[in-house]
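Peer 1: Take a look at work.txt, compact mmCIF, C-alpha atoms and all ligand atoms:
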# COMPACT_ATOMS: atom_id res chain seq x y z
CA MET Q 1437 0.00 0.00 0.00
CA SER Q 1438 1.57 3.30 -1.06
CA LYS Q 1439 2.24 5.69 1.76
CA GLN Q 1440 -0.29 4.25 4.14
CA ILE Q 1441 -1.80 6.76 6.55
CA HIS Q 1442 -1.59 5.73 10.17
CA LEU Q 1443 -4.57 6.74 12.28
CA TRP Q 1444 -4.95 7.06 16.01
CA ALA Q 1445 -8.03 8.14 17.93
CA PHE Q 1446 -7.45 10.43 20.90
CA LEU Q 1447 -10.61 9.96 22.92
CA GLN Q 1448 -9.92 12.02 26.01
CA GLY Q 1449 -13.02 13.18 27.84
CA ILE Q 1450 -15.89 13.87 25.52
CA GLY Q 1451 -14.25 15.56 22.60
CA PHE Q 1452 -11.81 18.23 21.54
CA PHE Q 1453 -13.96 21.35 21.44
CA PRO Q 1454 -14.66 22.83 24.86
CA THR Q 1455 -18.22 23.44 23.70
CA GLY Q 1456 -18.66 20.02 22.12
CA TRP Q 1457 -20.39 18.43 25.08
CA ARG Q 1458 -23.38 20.66 24.41
CA HIS Q 1459 -23.83 19.27 20.89
CA PRO Q 1460 -27.06 17.31 20.30
CA ARG Q 1461 -24.99 14.35 19.07
CA ALA Q 1462 -22.75 14.34 22.14
CA THR Q 1463 -23.41 12.01 25.07
CA PRO Q 1464 -21.61 13.63 27.99
CA GLU Q 1465 -23.20 11.22 30.44
CA GLY Q 1466 -21.63 8.33 28.51
CA VAL Q 1467 -18.09 8.98 29.67
CA PHE Q 1468 -18.79 7.18 32.92
CA SER Q 1469 -20.34 4.11 31.32
CA MET Q 1470 -18.82 0.94 29.94
CA ASP Q 1471 -21.38 0.84 27.11
CA TYR Q 1472 -20.00 4.09 25.74
CA TYR Q 1473 -16.38 2.89 25.83
CA ALA Q 1474 -17.31 -0.45 24.25
CA ARG Q 1475 -19.20 1.29 21.46
CA VAL Q 1476 -16.46 3.80 20.59
CA ALA Q 1477 -13.69 1.19 20.86
CA LYS Q 1478 -15.50 -1.05 18.35
CA MET Q 1479 -16.18 1.90 16.06
CA VAL Q 1480 -12.47 2.77 16.01
CA GLU Q 1481 -11.47 -0.85 15.42
CA ASP Q 1482 -14.03 -1.34 12.62
CA ALA Q 1483 -12.56 1.75 10.94
CA ARG Q 1484 -9.11 0.10 11.19
CA PHE Q 1485 -7.38 2.80 13.24
CA ASP Q 1486 -3.97 1.74 14.60
CA ALA Q 1487 -4.71 2.75 18.15
CA ILE Q 1488 -6.81 4.49 20.75
CA VAL Q 1489 -4.99 7.02 22.95
CA PHE Q 1490 -5.97 8.52 26.29
CA GLY Q 1491 -4.17 11.34 28.08
CA ASP Q 1492 -3.70 11.54 31.82
CA GLN Q 1493 -4.62 14.40 34.09
CA LEU Q 1494 -3.02 14.09 37.49
CA GLN Q 1495 -3.73 17.63 38.64
CA SER Q 1496 -6.47 18.56 41.06
CA ARG Q 1497 -9.25 20.39 39.39
CA GLY Q 1498 -10.38 23.26 41.54
CA ALA Q 1499 -6.99 24.22 42.88
CA GLY Q 1500 -6.30 27.96 43.04
CA GLY Q 1501 -9.69 29.04 41.72
CA ARG Q 1502 -8.98 27.66 38.29
CA THR Q 1503 -11.84 25.19 38.21
CA PRO Q 1504 -13.59 25.28 34.89
CA ALA Q 1505 -17.02 24.85 36.45
CA ARG Q 1506 -18.87 24.77 33.15
CA LEU Q 1507 -16.35 22.88 31.09
CA ALA Q 1508 -16.99 19.19 30.82
CA MET Q 1509 -13.54 17.66 30.98
CA PRO Q 1510 -14.02 14.38 32.76
CA THR Q 1511 -10.93 12.23 32.68
CA LEU Q 1512 -10.68 8.70 33.93
CA ASP Q 1513 -7.48 6.74 34.43
CA PRO Q 1514 -6.19 5.82 30.94
CA VAL Q 1515 -4.81 2.39 31.86
CA SER Q 1516 -8.11 1.29 33.43
CA LEU Q 1517 -10.10 2.54 30.44
CA LEU Q 1518 -7.85 0.84 27.90
CA MET Q 1519 -7.90 -2.43 29.85
CA ALA Q 1520 -11.69 -2.33 29.65
CA MET Q 1521 -11.53 -1.58 25.93
CA ALA Q 1522 -9.08 -4.46 25.43
CA ALA Q 1523 -11.84 -6.82 26.53
CA VAL Q 1524 -14.18 -5.81 23.70
CA THR Q 1525 -11.65 -5.49 20.84
CA GLU Q 1526 -9.08 -7.74 19.16
CA HIS Q 1527 -6.75 -5.65 17.04
CA VAL Q 1528 -6.77 -1.96 17.87
CA GLY Q 1529 -3.73 -0.67 19.78
CA LEU Q 1530 -4.12 0.76 23.28
CA VAL Q 1531 -1.87 3.72 24.09
CA ALA Q 1532 -1.98 4.97 27.67
CA THR Q 1533 -0.38 8.23 28.76
CA VAL Q 1534 1.54 7.71 32.00
CA SER Q 1535 3.90 10.19 33.64
CA THR Q 1536 7.51 9.39 34.47
CA THR Q 1537 7.57 12.13 37.10
CA TYR Q 1538 4.92 10.60 39.33
CA ASN Q 1539 5.28 6.84 38.83
CA THR Q 1540 8.13 4.51 39.65
CA PRO Q 1541 9.63 2.33 36.90
CA GLU Q 1542 8.44 -0.73 38.82
CA MET Q 1543 4.81 0.46 38.84
CA LEU Q 1544 5.01 1.37 35.18
CA ALA Q 1545 6.60 -1.91 34.15
CA GLU Q 1546 3.93 -3.92 35.97
CA ARG Q 1547 0.97 -1.97 34.60
CA PHE Q 1548 2.15 -2.06 30.99
CA ALA Q 1549 3.13 -5.72 31.29
CA ALA Q 1550 -0.45 -6.42 32.36
CA MET Q 1551 -1.82 -4.37 29.46
CA ASP Q 1552 0.40 -6.06 26.91
CA ARG Q 1553 -0.41 -9.55 28.15
CA ILE Q 1554 -4.16 -9.09 28.56
CA SER Q 1555 -4.49 -7.42 25.14
CA GLY Q 1556 -2.30 -9.91 23.28
CA GLY Q 1557 0.42 -7.35 22.45
CA ARG Q 1558 -1.48 -4.14 21.88
CA ALA Q 1559 -0.02 -1.90 24.60
CA GLY Q 1560 1.63 1.45 23.94
CA TRP Q 1561 3.01 3.90 26.50
CA ASN Q 1562 2.72 7.63 25.80
CA ILE Q 1563 5.58 8.85 27.94
CA VAL Q 1564 4.99 12.30 29.45
CA THR Q 1565 6.71 14.20 32.22
CA THR Q 1566 3.61 16.14 33.47
CA ALA Q 1567 3.41 19.88 32.85
CA HIS Q 1568 0.47 21.00 34.97
CA PRO Q 1569 1.64 22.79 38.14
CA ASP Q 1570 -1.45 21.78 40.13
CA THR Q 1571 -0.19 18.20 40.02
CA ALA Q 1572 2.68 18.68 42.47
CA PRO Q 1573 0.57 19.10 45.64
CA ASN Q 1574 -1.15 15.79 44.92
CA PHE Q 1575 2.21 14.12 45.36
CA GLY Q 1576 3.28 16.00 48.47
CA GLU Q 1577 5.36 18.58 46.62
CA ALA Q 1578 5.01 22.36 46.37
CA GLU Q 1579 6.13 22.63 42.75
CA LEU Q 1580 6.86 20.53 39.69
CA PRO Q 1581 10.56 19.85 39.19
CA PRO Q 1582 12.01 22.04 36.39
CA LYS Q 1583 11.48 20.70 32.87
CA ASP Q 1584 15.12 19.71 32.17
CA GLN Q 1585 15.19 17.76 35.42
CA ARG Q 1586 11.87 16.05 34.57
CA TYR Q 1587 13.23 14.94 31.20
CA ARG Q 1588 16.53 13.71 32.71
CA HIS Q 1589 14.52 11.68 35.18
CA ALA Q 1590 12.33 10.35 32.34
CA VAL Q 1591 15.42 8.95 30.60
CA ASP Q 1592 16.30 6.97 33.74
CA VAL Q 1593 12.72 5.79 34.31
CA VAL Q 1594 12.33 4.52 30.74
CA ALA Q 1595 15.71 2.76 30.83
CA LYS Q 1596 14.83 1.06 34.11
CA ALA Q 1597 11.37 0.02 32.89
CA CYS Q 1598 12.94 -1.46 29.75
CA GLU Q 1599 15.38 -3.42 31.93
CA LEU Q 1600 12.47 -4.78 33.93
CA TRP Q 1601 10.64 -5.89 30.75
CA ALA Q 1602 13.82 -7.49 29.45
CA ALA Q 1603 14.12 -9.37 32.76
CA MET Q 1604 10.51 -10.58 32.44
CA ASP Q 1605 11.39 -11.74 28.95
CA LYS Q 1606 14.24 -13.86 30.28
CA ALA Q 1607 12.23 -15.19 33.22
CA GLY Q 1608 9.35 -16.04 30.80
CA PRO Q 1609 6.62 -16.11 29.75
CA ALA Q 1610 7.63 -13.09 27.64
CA LEU Q 1611 5.40 -10.11 26.93
CA PRO Q 1612 3.77 -10.48 23.49
CA GLN Q 1613 5.60 -7.38 22.19
CA GLY Q 1614 8.68 -7.73 24.38
CA ARG Q 1615 7.79 -4.28 25.63
CA PRO Q 1616 5.01 -1.76 24.89
CA VAL Q 1617 5.40 0.59 21.94
CA LEU Q 1618 7.13 3.72 23.30
CA VAL Q 1619 5.33 6.92 22.36
CA GLN Q 1620 6.22 10.49 23.32
CA ALA Q 1621 4.29 13.75 23.44
CA GLY Q 1622 6.29 16.90 24.20
CA GLN Q 1623 7.28 19.92 22.20
CA SER Q 1624 10.25 21.66 23.78
CA PRO Q 1625 13.85 21.05 22.65
CA GLU Q 1626 14.28 18.83 25.74
CA GLY Q 1627 11.15 16.90 24.80
CA ARG Q 1628 12.28 16.48 21.20
CA ASP Q 1629 15.71 15.18 22.21
CA PHE Q 1630 14.08 12.75 24.57
CA ALA Q 1631 11.76 11.57 21.78
CA ALA Q 1632 14.71 11.23 19.38
CA ARG Q 1633 16.40 8.83 21.76
CA THR Q 1634 13.34 6.92 22.91
CA ALA Q 1635 10.17 7.15 20.87
CA GLU Q 1636 8.77 4.78 18.28
CA ALA Q 1637 5.90 7.20 17.67
CA ILE Q 1638 5.35 10.89 18.47
CA PHE Q 1639 2.08 12.69 19.19
CA CYS Q 1640 2.46 16.42 18.53
CA PRO Q 1641 0.49 19.49 17.51
CA ALA Q 1642 0.94 20.88 13.96
CA ALA Q 1643 -1.43 23.72 13.09
CA ASN Q 1644 -0.71 23.60 9.35
CA ILE Q 1645 1.20 21.58 6.77
CA ASP Q 1646 4.36 23.71 6.98
CA ALA Q 1647 4.48 23.35 10.75
CA GLY Q 1648 4.11 19.59 10.27
CA ILE Q 1649 6.94 19.43 7.71
CA ASP Q 1650 9.23 21.50 9.96
CA PHE Q 1651 8.49 19.37 13.00
CA ARG Q 1652 8.92 16.03 11.24
CA ASN Q 1653 12.16 17.15 9.51
CA ASP Q 1654 13.50 18.39 12.82
CA MET Q 1655 12.64 15.08 14.47
CA ARG Q 1656 14.17 13.05 11.66
CA HIS Q 1657 17.45 14.98 12.02
CA ARG Q 1658 17.46 14.52 15.77
CA ILE Q 1659 16.70 10.79 15.44
CA ALA Q 1660 19.48 10.28 12.87
CA ALA Q 1661 21.89 12.31 15.04
CA VAL Q 1662 21.55 9.79 17.87
CA GLY Q 1663 22.16 6.88 15.49
CA ARG Q 1664 18.58 5.66 15.13
CA ASN Q 1665 16.65 5.12 11.89
CA PRO Q 1666 14.09 7.93 11.32
CA ASP Q 1667 11.94 5.51 9.29
CA GLY Q 1668 11.36 3.55 12.50
CA VAL Q 1669 9.48 6.43 14.15
CA ARG Q 1670 5.90 7.46 13.30
CA VAL Q 1671 5.04 11.17 13.60
CA MET Q 1672 1.33 11.57 14.39
CA PRO Q 1673 0.12 15.19 14.71
CA GLY Q 1674 -3.27 15.90 16.23
CA LEU Q 1675 -6.15 16.59 13.83
CA SER Q 1676 -9.64 17.70 14.64
CA CYS Q 1677 -12.44 18.27 12.17
CA VAL Q 1678 -15.93 19.52 11.56
CA LEU Q 1679 -17.47 17.94 8.46
CA GLY Q 1680 -20.47 18.64 6.24
CA GLY Q 1681 -21.98 17.45 2.95
CA THR Q 1682 -20.75 20.70 1.37
CA GLU Q 1683 -18.11 23.22 2.42
CA GLU Q 1684 -20.86 25.65 3.33
CA GLU Q 1685 -22.59 23.10 5.53
CA ALA Q 1686 -19.29 22.28 7.25
CA ARG Q 1687 -18.69 25.96 8.02
CA ALA Q 1688 -22.22 26.23 9.38
CA ASN Q 1689 -21.65 23.14 11.56
CA HIS Q 1690 -18.45 24.68 12.88
CA ALA Q 1691 -20.17 27.97 13.66
CA ALA Q 1692 -22.94 26.05 15.43
CA ILE Q 1693 -20.45 24.31 17.72
CA LEU Q 1694 -18.68 27.57 18.53
CA ASP Q 1695 -22.03 29.24 19.20
CA MET Q 1696 -22.68 26.70 21.93
CA GLY Q 1697 -20.02 28.49 23.95
CA ASP Q 1698 -20.72 31.90 25.44
CA VAL Q 1699 -18.05 34.34 26.60
CA PRO Q 1700 -18.00 33.14 30.24
CA LEU Q 1701 -17.36 29.57 29.03
CA ALA Q 1702 -14.57 30.80 26.74
CA ILE Q 1703 -12.99 32.68 29.64
CA GLU Q 1704 -13.09 29.58 31.81
CA TYR Q 1705 -11.41 27.59 29.05
CA LEU Q 1706 -8.73 30.25 28.66
CA SER Q 1707 -8.23 30.32 32.45
CA GLU Q 1708 -7.70 26.57 32.46
CA SER Q 1709 -5.29 26.76 29.52
CA LEU Q 1710 -3.25 29.68 30.88
CA CYS Q 1711 -3.43 28.35 34.43
CA CYS Q 1712 -4.64 31.67 35.75
CA ASP Q 1713 -8.15 32.65 36.90
CA LEU Q 1714 -9.53 35.21 34.44
CA THR Q 1715 -13.15 35.06 35.56
CA PRO Q 1716 -12.97 38.26 37.69
CA PHE Q 1717 -11.86 40.37 34.71
CA ASP Q 1718 -14.14 42.40 32.42
CA PRO Q 1719 -14.53 40.59 29.06
CA ASP Q 1720 -15.03 43.97 27.33
CA ALA Q 1721 -11.73 45.38 28.61
CA ALA Q 1722 -8.18 44.82 27.36
CA ILE Q 1723 -6.38 41.50 28.01
CA PRO Q 1724 -4.90 41.90 31.53
CA VAL Q 1725 -1.40 40.83 30.47
CA ASP Q 1726 0.39 41.99 33.63
CA ALA Q 1727 -2.04 40.18 35.91
CA ILE Q 1728 -1.85 37.03 33.79
CA LEU Q 1729 1.94 36.99 33.86
CA ALA Q 1730 2.01 37.71 37.57
CA ASN Q 1731 -0.44 34.92 38.43
CA THR Q 1732 0.03 32.11 35.92
CA LEU Q 1733 1.64 28.95 37.20
CA LEU Q 1734 2.91 28.03 33.72
CA PRO Q 1735 6.29 29.21 32.38
CA LYS Q 1736 5.77 32.97 31.93
CA ALA Q 1737 7.64 33.16 28.62
CA ASP Q 1738 5.27 30.59 27.03
CA VAL Q 1739 2.21 32.43 28.31
CA ALA Q 1740 3.57 35.80 27.17
CA LYS Q 1741 4.00 34.39 23.65
CA SER Q 1742 0.36 33.37 23.47
CA VAL Q 1743 -1.21 36.57 24.88
CA GLN Q 1744 1.09 39.49 23.96
CA PRO Q 1745 0.49 39.66 20.18
CA ALA Q 1746 -3.29 39.93 20.67
CA ALA Q 1747 -2.90 42.40 23.55
CA GLU Q 1748 -0.70 44.64 21.39
CA LYS Q 1749 -3.43 44.69 18.74
CA GLY Q 1750 -5.89 45.90 21.39
CA THR Q 1751 -8.00 42.71 21.36
CA LYS Q 1752 -10.58 42.56 24.16
CA LEU Q 1753 -10.36 39.72 26.68
CA GLY Q 1754 -13.75 38.23 25.69
CA ASP Q 1755 -12.90 38.25 21.97
CA PHE Q 1756 -9.49 36.77 22.63
CA ALA Q 1757 -11.02 33.97 24.71
CA ALA Q 1758 -13.70 33.26 22.08
CA ASN Q 1759 -11.04 33.06 19.37
CA PHE Q 1760 -8.83 30.88 21.56
CA MET Q 1761 -11.60 28.28 21.63
CA ARG Q 1762 -11.58 28.03 17.82
CA HIS Q 1763 -8.11 26.49 17.77
CA PRO Q 1764 -7.85 24.40 20.88
CA ARG Q 1765 -4.30 23.56 21.92
CA GLY Q 1766 -2.59 24.51 18.64
CA HIS Q 1767 -3.81 21.46 16.68
CA ASN Q 1768 -5.08 21.53 13.10
CA VAL Q 1769 -8.87 21.85 12.84
CA PHE Q 1770 -10.16 20.87 9.40
CA ILE Q 1771 -13.50 22.26 8.20
CA GLY Q 1772 -14.93 20.88 4.96
CA THR Q 1773 -16.31 17.78 3.25
CA GLY Q 1774 -15.14 14.21 3.82
CA GLU Q 1775 -13.53 14.12 0.35
CA GLN Q 1776 -11.66 17.35 1.02
CA MET Q 1777 -10.45 16.04 4.35
CA ALA Q 1778 -9.14 12.85 2.73
CA ASP Q 1779 -7.33 15.01 0.11
CA MET Q 1780 -5.79 17.11 2.84
CA MET Q 1781 -4.62 14.06 4.79
CA ILE Q 1782 -3.05 12.53 1.68
CA GLU Q 1783 -1.32 15.82 0.86
CA TRP Q 1784 0.19 16.06 4.36
CA ARG Q 1785 1.34 12.45 4.20
CA ASP Q 1786 2.88 12.79 0.74
CA SER Q 1787 4.60 16.07 1.62
CA GLY Q 1788 6.36 14.53 4.59
CA ALA Q 1789 4.36 16.51 7.15
CA CYS Q 1790 3.44 13.34 9.06
CA ASP Q 1791 3.16 9.55 8.96
CA GLY Q 1792 -0.46 9.72 10.00
CA PHE Q 1793 -2.79 11.58 12.32
CA THR Q 1794 -4.11 11.49 15.83
CA LEU Q 1795 -7.80 12.22 15.30
CA GLN Q 1796 -9.35 14.34 18.02
CA PRO Q 1797 -13.10 14.32 17.40
CA SER Q 1798 -14.62 17.72 18.08
CA TYR Q 1799 -17.40 16.11 20.09
CA MET Q 1800 -18.20 12.54 21.03
CA PRO Q 1801 -19.40 10.26 19.68
CA GLY Q 1802 -20.97 12.26 16.78
CA GLY Q 1803 -17.69 13.76 15.57
CA LEU Q 1804 -16.07 10.33 15.47
CA GLU Q 1805 -19.05 8.84 13.62
CA ASP Q 1806 -18.84 11.58 10.98
CA PHE Q 1807 -15.15 10.90 10.37
CA VAL Q 1808 -15.69 7.14 10.19
CA GLU Q 1809 -18.61 7.47 7.77
CA GLN Q 1810 -17.33 10.30 5.58
CA VAL Q 1811 -13.52 10.08 5.51
CA VAL Q 1812 -12.50 6.48 6.26
CA PRO Q 1813 -14.20 4.97 3.14
CA VAL Q 1814 -12.58 7.59 0.90
CA LEU Q 1815 -9.10 6.86 2.29
CA GLN Q 1816 -9.75 3.13 1.86
CA GLN Q 1817 -10.96 3.54 -1.73
CA ARG Q 1818 -7.80 5.45 -2.51
CA GLY Q 1819 -5.66 2.68 -1.03
CA ARG Q 1820 -4.30 4.85 1.76
CA LEU Q 1821 -5.97 3.21 4.75
CA ARG Q 1822 -5.94 -0.51 5.48
CA ARG Q 1823 -9.08 -2.62 5.22
CA GLU Q 1824 -7.67 -5.35 7.44
CA TYR Q 1825 -5.12 -5.38 10.25
CA PRO Q 1826 -1.74 -6.86 9.24
CA GLY Q 1827 -1.22 -8.86 12.43
CA SER Q 1828 -2.14 -8.95 16.05
CA THR Q 1829 0.27 -6.59 17.82
CA LEU Q 1830 0.41 -2.78 17.85
CA ARG Q 1831 4.00 -2.95 16.68
CA GLU Q 1832 2.94 -4.88 13.56
CA THR Q 1833 0.04 -2.48 12.96
CA LEU Q 1834 2.48 0.43 13.03
CA GLY Q 1835 4.80 -1.36 10.63
CA LEU Q 1836 7.53 -1.61 13.24
CA SER Q 1837 9.40 -4.84 13.97
CA ALA Q 1838 7.04 -7.33 15.58
CA ARG Q 1839 8.93 -7.82 18.85
CA MET Q 1840 11.37 -5.63 20.67
CA ARG Q 1841 13.97 -7.28 22.86
CA GLU Q 1842 16.68 -4.76 23.59
CA ALA Q 1843 16.36 -1.96 26.15
CA ALA Q 1844 15.93 1.65 24.99
C1 LIG N 1901 -0.02 16.65 21.98
C2 LIG N 1901 0.43 16.51 23.42
C3 LIG N 1901 -0.35 15.80 24.35
C4 LIG N 1901 0.05 15.67 25.68
N1 LIG N 1901 -0.73 15.01 26.60
C5 LIG N 1901 -0.36 14.98 27.92
C6 LIG N 1901 -1.16 14.36 28.91
O1 LIG N 1901 -2.22 13.82 28.64
N2 LIG N 1901 -0.71 14.36 30.19
C7 LIG N 1901 0.47 14.94 30.55
O2 LIG N 1901 0.83 14.92 31.72
N3 LIG N 1901 1.24 15.51 29.62
C8 LIG N 1901 0.86 15.56 28.33
N4 LIG N 1901 1.67 16.16 27.39
C9 LIG N 1901 3.13 16.19 27.62
C10 LIG N 1901 3.62 17.20 28.47
O3 LIG N 1901 3.19 18.42 27.92
C11 LIG N 1901 5.16 17.09 28.56
O4 LIG N 1901 5.55 15.85 29.00
C12 LIG N 1901 5.56 18.18 29.48
O5 LIG N 1901 6.66 17.91 30.26
C13 LIG N 1901 5.82 19.46 28.72
O6 LIG N 1901 6.95 19.27 27.92
P1 LIG N 1901 7.17 20.01 26.56
O7 LIG N 1901 7.40 21.44 26.91
O8 LIG N 1901 8.39 19.31 26.01
O9 LIG N 1901 5.95 19.84 25.72
C14 LIG N 1901 1.28 16.26 26.08
C15 LIG N 1901 2.06 16.95 25.14
C16 LIG N 1901 1.66 17.09 23.82
C17 LIG N 1901 2.52 17.85 22.87
Show me the file's structure as structure tokens.
Peer 2:
Amino acid sequence: MSKQIHLWAFLQGIGFFPTGWRHPRATPEGVFSMDYYARVAKMVEDARFDAIVFGDQLQSRGAGGRTPARLAMPTLDPVSLLMAMAAVTEHVGLVATVSTTYNTPEMLAERFAAMDRISGGRAGWNIVTTAHPDTAPNFGEAELPPKDQRYRHAVDVVAKACELWAAMDKAGPALPQGRPVLVQAGQSPEGRDFAARTAEAIFCPAANIDAGIDFRNDMRHRIAAVGRNPDGVRVMPGLSCVLGGTEEEARANHAAILDMGDVPLAIEYLSESLCCDLTPFDPDAAIPVDAILANTLLPKADVAKSVQPAAEKGTKLGDFAANFMRHPRGHNVFIGTGEQMADMMIEWRDSGACDGFTLQPSYMPGGLEDFVEQVVPVLQQRGRLRREYPGSTLRETLGLSARMREAA
């Protein structure tokens, strides 16, 4: 199959758009029911995605007045969810996000060994170092360790976990994949170097095709520089979408989703994203840059980069927040027909902007259903998406070597 497109489904919470839970085809109550997870897992497997991915959220919601009271962002433990989904599927990969900062290698090795065994070799580990400052108090600390320290620690944790899996291999019976597929999500230079040394797949944001090409080229250089083969690493940028039978209909569907969010909701979402409570500020006044920089718990330079350009243009806080919701988290949001989306995906793949995509449905399960009905058949007809799984393990599905013996 020429330039196959790899597909993952990121099914965190109830969809990518902060307003999506209000959509008539969303089932926000479903996220606490097994029926919902069974249904979406089967839908993803029937559409022949490589894998399902869940993030982890270890921070306390509600700390420091930053609770998004009207945002529906329920998150359940990814390993538990994927174990449940393993029971109702046979082929689709199961990628759990688990932090190296707040888990020991022994705990990690045991949990992923269980996932890999129970699923018959479908486990993947999305290795993150945890960025949310409200996490630290949950683990008896005042602050997160600095980023470079977190990544140095991650190197040690991954190496130790790999040793433990190798030891299980020798003691037998071996894990079906030898070890889970190692995935990384992180953007900074430290994160990229860590991915270059460790990852077999990378989940990243890329807002447009040029950003995707730059990121993937950068990663391929870094991977080659540490003596690994860049063709052995899959780059999987996030991709959300709002579809329609015509372009016009798609734009109307997008506007309808955005219209489900009012300004207070947008300001809550912005507060959550900037880690700074903006609800006391007047939405019709200027963006309170000084107060944001004084109060945010995120790195101030990163926050300054996202608010200063708009502030300098005189954008009002409410307008800025409403616009912020249109492009959640810097990922590409495609608006158009199913055919156009398939064209776009093929263009990205053929231009070297990615090896595939991590689909982030704008709302659940309707947004996923639309993609599966309107885009998957087009990609299959064009020979770019598999109709059957090639084997039984995630590593085979990703086109990586079937078993992995050596440590990272
Ligand atoms: C697309 C993407 C998704 C991520 N998902 C999570 C997550 O669910 N949980 C988490 O703790 N970190 C997540 N992170 C990773 C953290 O942001 C990363 O490990 C953190 O240390 C910040 O590093 P960075 O500046 O290199 O991105 C994600 C990162 C990216 C780019």
Peer 1: So which residues touch Arg1664 of chain Q within 12 Å, counting only C-alpha atoms, skipping near sequence neighbours fewer than 3 positions away, as a PyMOL selection string?
Peer 2: chain Q and resi 1631-1636+1655-1661+1667-1669+1844
Peer 1: If you count all atoms listed in the file, which residues fall within 9 Å of Thr1732 of chain Q, apart from same-chain ones fewer than 6 positions away, as a PyMOL selection string?
Peer 2: chain Q and resi 1710-1713+1739
Peer 1: Hey, which residues sit close to ligand LIG 1901 (chain N)? Say within 8 Å, counting all atoms listed in the file, and write them as a PyMOL selection string.
Peer 2: chain Q and resi 1490-1494+1533-1535+1563-1568+1583+1586-1587+1620-1628+1639-1641+1673-1674
Peer 1: If we count all atoms listed in the file and set the cut-off at 12 Å, which residues sit around segment 1556-1560 of chain Q, ignoring sequence neighbours fewer than 6 positions away in its own chain? Please answer as an MDAnalysis selection string.
Peer 2: chainID Q and resid 1444 1486:1490 1514:1515 1518:1519 1521:1523 1525:1534 1544:1545 1547:1550 1610:1620 1635:1638 1827:1834 1838:1840
Peer 1: Measure the distance from atom CA of Asp1779 of chain Q to atom CA of Ala1643 of chain Q in Å and round it to one decimal.
Peer 2: 16.7 Å
Peer 1: Which residues of segment 1639-1739 of chain Q have any atom within 7 Å of an atom in segment 1755-1770 of chain Q when counting all atoms listed in the file, and what is the closest pair of atoms for each, with the distance in Å to one decimal? Order the rows by chain and rising number and write it as CSV.
Peer 2:
residue,atom,partner,partner_atom,distance
Q:Pro1641,CA,Q:His1767,CA,4.8
Q:Ala1642,CA,Q:His1767,CA,5.5
Q:Ala1643,CA,Q:Asn1768,CA,4.3
Q:Asn1644,CA,Q:Asn1768,CA,6.1
Q:Gly1674,CA,Q:His1767,CA,5.6
Q:Leu1675,CA,Q:Asn1768,CA,5.1
Q:Ser1676,CA,Q:Val1769,CA,4.6
Q:Cys1677,CA,Q:Phe1770,CA,4.4
Q:Val1678,CA,Q:Phe1770,CA,6.3
Q:Val1699,CA,Q:Ala1758,CA,6.4
Q:Ala1702,CA,Q:Ala1757,CA,5.2
Q:Ile1703,CA,Q:Ala1757,CA,5.5
Q:Leu1706,CA,Q:Ala1757,CA,5.9
Peer 1: Excluding Ala1686 of chain Q and any residue of its chain fewer than 6 positions from it, enumerate the residues within 10 Å of it, using all atoms listed in the file, and give them as a PyMOL selection string.
Peer 2: chain Q and resi 1677-1680+1692+1770-1774
Peer 1: Which is closest to Glu1809 of chain Q among Q:Glu1775, Q:Glu1685, Q:Glu1824, Q:Glu1704, if we use only C-alpha atoms?
Peer 2: Q:Glu1775
Peer 1: I'd like the interatomic distance between atom CA of Ala1722 of chain Q and atom CA of Lys1752 of chain Q, to a tenth of an Å.
Peer 2: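 So the two atoms, atom CA of Ala1722 of chain Q and atom CA of Lys1752 of chain Q, lie 4.6 Å apart.
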Peer 1: Compare Q:Leu1821, Q:Val1811, Q:Ala1578, Q:Pro1801 by their minimum atom-to-atom distance to Met1780 of chain Q, counting only C-alpha atoms, and give me the closest one.
Peer 2: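 That would be Q:Val1811, the residue with the smallest distance to Met1780 of chain Q.
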Peer 1: Pick from Q:Glu1542, Q:Glu1805, Q:Asp1791, Q:Asp1513: nearest to Asn1653 of chain Q, with only C-alpha atoms counted?
Peer 2: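 Using only C-alpha atoms, the shortest distance to Asn1653 of chain Q belongs to Q:Asp1791.
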